[in-house]
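K.L.:
If you scroll down you'll find the structure; I have some questions about it.
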Amino acid sequence: MHELSVTENILDIALKHATEAHAAKITIIHLVIGELSSIVDDSIQFYWDFLAKDTIAEGAALHFRRLPIELECLECNTRYVPATQEMACPECNSQRFSIIQGEEFFLEAIDIDKTETT
């Protein structure tokens, strides 16, 4: 259910920036989501369709870009993308690692149609 508040925030940010750019319409929203994030694309889309109604973002396409998990071993400093659910280092088999990438969630860009000025 947290996708509702997340989607509200995305819409608020997009509308703010689109207004500052004198947009007539928001056409595309580009979102980046790490694989470890708990964000569900379909839920964001569902709430977006409801929340964006009657705004300049109504009908905007949502593009989701998923970032893979990238880890760094704290024992041997190897950076790796786990091939399976097993997170152990492929070089030394250590279970001690830091997450380099995969927890992200952010609005990367918006595409707009500009307002005609006279």
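So you can find residues: chains in the structure tokens are A, B, ... in the order shown, residues in each start at 1, and ligands are numbered from 1 in order.
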Extract, using only C-alpha atoms, all DNA, RNA and protein residues at most 9 Å from stretch 2-15 of chain A, discarding same-chain residues fewer than 2 positions from it, and format them as a ChimeraX atom specification.
P.N.:
/A:17-20,26,29,39-40,43-45,47-48,51-52,55-57,106-107,109-110
K.L.:
Counting only C-alpha atoms, which residue out of A:Ile112, A:Leu62, A:Val81, A:Leu71 sits closest to A:Gln95?
P.N.:
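Counting only C-alpha atoms, the residue closest to A:Gln95 is A:Leu71.
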K.L.:
Hey, which of A:Asp49, A:Ala23, A:His30, A:Ile100 ends up closest to A:Arg65? Count only C-alpha atoms.
P.N.:
A:His30
K.L.:
One decimal, in Å: what's the spacing between atom CA of A:Lys114 and atom CA of A:Ala21?
P.N.:
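Pair atom CA of A:Lys114 / atom CA of A:Ala21 returns 7.5 Å.
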K.L.:
Go through A:Pro68, A:Thr78, A:Phe97, A:Met87 and flag the residue nearest A:Ile33, using only C-alpha atoms for the distances.
P.N.:
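The closest residue to A:Ile33 is A:Pro68.
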K.L.:
Just how far from atom CA of A:Ser37 is atom CA of A:Arg96, in Å to one decimal?
P.N.:
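These atoms are spaced 20.1 Å apart.
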K.L.:
For the atom pair atom CA of A:Cys89 and atom CA of A:Glu72, what is the interatomic distance in Å to one decimal place?
P.N.:
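A separation of 8.1 Å between them.
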K.L.:
From the DSSP assignment of the backbone, select every residue of chain A that is strand (DSSP E), and format the answer as a PyMOL selection string.
P.N.:
chain A and resi 23-34+61-67+70-73+79-80+97-101+105-114
K.L.:
For the selection you just gave me, I'd like the residues written to a file as a tab-separated table (two decimals), in the first residue's frame, keeping N, CA and C atoms.
P.N.:
chain	number	residue	atom	x	y	z
A	23	ALA	N	4.98	23.68	-18.96
A	23	ALA	CA	4.50	22.55	-19.74
A	23	ALA	C	2.99	22.60	-19.90
A	24	ALA	N	2.54	22.22	-21.08
A	24	ALA	CA	1.12	22.05	-21.31
A	24	ALA	C	0.69	20.64	-20.93
A	25	LYS	N	1.63	19.70	-21.04
A	25	LYS	CA	1.32	18.29	-20.81
A	25	LYS	C	2.59	17.55	-20.42
A	26	ILE	N	2.46	16.64	-19.49
A	26	ILE	CA	3.53	15.68	-19.19
A	26	ILE	C	3.23	14.44	-20.01
A	27	THR	N	4.19	14.00	-20.81
A	27	THR	CA	3.94	12.87	-21.70
A	27	THR	C	4.55	11.56	-21.20
A	28	ILE	N	5.73	11.65	-20.58
A	28	ILE	CA	6.41	10.44	-20.10
A	28	ILE	C	7.09	10.74	-18.75
A	29	ILE	N	6.99	9.78	-17.85
A	29	ILE	CA	7.69	9.82	-16.57
A	29	ILE	C	8.70	8.67	-16.58
A	30	HIS	N	9.97	8.99	-16.34
A	30	HIS	CA	11.03	7.98	-16.31
A	30	HIS	C	11.40	7.71	-14.86
A	31	LEU	N	11.17	6.48	-14.41
A	31	LEU	CA	11.45	6.08	-13.04
A	31	LEU	C	12.56	5.03	-13.00
A	32	VAL	N	13.43	5.13	-12.02
A	32	VAL	CA	14.51	4.17	-11.82
A	32	VAL	C	14.22	3.42	-10.52
A	33	ILE	N	14.24	2.09	-10.59
A	33	ILE	CA	13.91	1.27	-9.44
A	33	ILE	C	14.95	0.16	-9.30
A	34	GLY	N	15.60	0.10	-8.15
A	34	GLY	CA	16.55	-0.97	-7.87
A	34	GLY	C	15.83	-2.28	-7.59
A	61	ALA	N	2.82	8.28	-19.94
A	61	ALA	CA	3.34	6.91	-19.87
A	61	ALA	C	4.40	6.84	-18.76
A	62	LEU	N	4.37	5.76	-18.03
A	62	LEU	CA	5.39	5.52	-17.02
A	62	LEU	C	6.40	4.52	-17.59
A	63	HIS	N	7.67	4.92	-17.61
A	63	HIS	CA	8.73	4.02	-18.06
A	63	HIS	C	9.55	3.64	-16.83
A	64	PHE	N	9.66	2.34	-16.59
A	64	PHE	CA	10.38	1.83	-15.44
A	64	PHE	C	11.72	1.26	-15.91
A	65	ARG	N	12.80	1.71	-15.28
A	65	ARG	CA	14.13	1.16	-15.56
A	65	ARG	C	14.61	0.49	-14.29
A	66	ARG	N	14.79	-0.80	-14.35
A	66	ARG	CA	15.23	-1.58	-13.19
A	66	ARG	C	16.75	-1.65	-13.15
A	67	LEU	N	17.32	-1.37	-11.98
A	67	LEU	CA	18.76	-1.49	-11.78
A	67	LEU	C	19.06	-2.80	-11.08
A	70	GLU	N	24.10	-4.78	-7.25
A	70	GLU	CA	25.56	-4.84	-7.33
A	70	GLU	C	26.09	-4.78	-5.90
A	71	LEU	N	26.98	-5.71	-5.59
A	71	LEU	CA	27.53	-5.81	-4.23
A	71	LEU	C	29.04	-5.65	-4.27
A	72	GLU	N	29.60	-5.30	-3.11
A	72	GLU	CA	31.05	-5.28	-2.95
A	72	GLU	C	31.40	-6.08	-1.71
A	73	CYS	N	32.28	-7.06	-1.89
A	73	CYS	CA	32.73	-7.91	-0.81
A	73	CYS	C	33.56	-7.08	0.18
A	79	ARG	N	33.80	-6.50	-6.63
A	79	ARG	CA	32.46	-6.02	-6.96
A	79	ARG	C	31.81	-7.07	-7.86
A	80	TYR	N	30.54	-7.36	-7.57
A	80	TYR	CA	29.88	-8.42	-8.34
A	80	TYR	C	28.37	-8.24	-8.35
A	97	PHE	N	29.17	-8.19	2.78
A	97	PHE	CA	29.18	-7.34	1.59
A	97	PHE	C	28.46	-6.04	1.87
A	98	SER	N	28.71	-5.06	1.03
A	98	SER	CA	27.92	-3.82	1.06
A	98	SER	C	27.17	-3.72	-0.26
A	99	ILE	N	26.03	-3.08	-0.19
A	99	ILE	CA	25.21	-2.91	-1.38
A	99	ILE	C	25.65	-1.64	-2.09
A	100	ILE	N	26.09	-1.79	-3.32
A	100	ILE	CA	26.53	-0.66	-4.14
A	100	ILE	C	25.35	-0.10	-4.93
A	101	GLN	N	24.52	-0.99	-5.44
A	101	GLN	CA	23.38	-0.59	-6.28
A	101	GLN	C	22.26	-1.60	-6.08
A	105	PHE	N	15.27	4.24	-5.82
A	105	PHE	CA	13.96	4.55	-6.38
A	105	PHE	C	13.91	6.06	-6.54
A	106	PHE	N	13.85	6.51	-7.80
A	106	PHE	CA	13.76	7.95	-8.02
A	106	PHE	C	13.17	8.26	-9.39
A	107	LEU	N	12.67	9.48	-9.50
A	107	LEU	CA	12.17	10.01	-10.76
A	107	LEU	C	13.40	10.54	-11.50
A	108	GLU	N	13.72	9.93	-12.62
A	108	GLU	CA	14.92	10.30	-13.36
A	108	GLU	C	14.68	11.48	-14.30
A	109	ALA	N	13.53	11.50	-14.98
A	109	ALA	CA	13.25	12.56	-15.94
A	109	ALA	C	11.77	12.58	-16.27
A	110	ILE	N	11.33	13.71	-16.77
A	110	ILE	CA	9.97	13.81	-17.31
A	110	ILE	C	10.07	14.39	-18.72
A	111	ASP	N	9.22	13.90	-19.60
A	111	ASP	CA	9.09	14.46	-20.94
A	111	ASP	C	7.81	15.28	-20.96
A	112	ILE	N	7.89	16.46	-21.56
A	112	ILE	CA	6.74	17.37	-21.57
A	112	ILE	C	6.50	17.92	-22.97
A	113	ASP	N	5.30	18.42	-23.16
A	113	ASP	CA	4.97	19.26	-24.30
A	113	ASP	C	4.90	20.68	-23.75
A	114	LYS	N	5.61	21.60	-24.38
A	114	LYS	CA	5.65	22.98	-23.89
A	114	LYS	C	4.39	23.74	-24.26
K.L.:
As JSON, numbers by chain, please: every residue in chain A that a backbone DSSP assignment puts in helix (DSSP H, G or I).
P.N.:
{"A": [2, 3, 4, 5, 6, 7, 8, 9, 10, 11, 12, 13, 14, 15, 16, 17, 18, 19, 20, 41, 42, 43, 44, 45, 46, 47, 48, 49, 50, 51]}
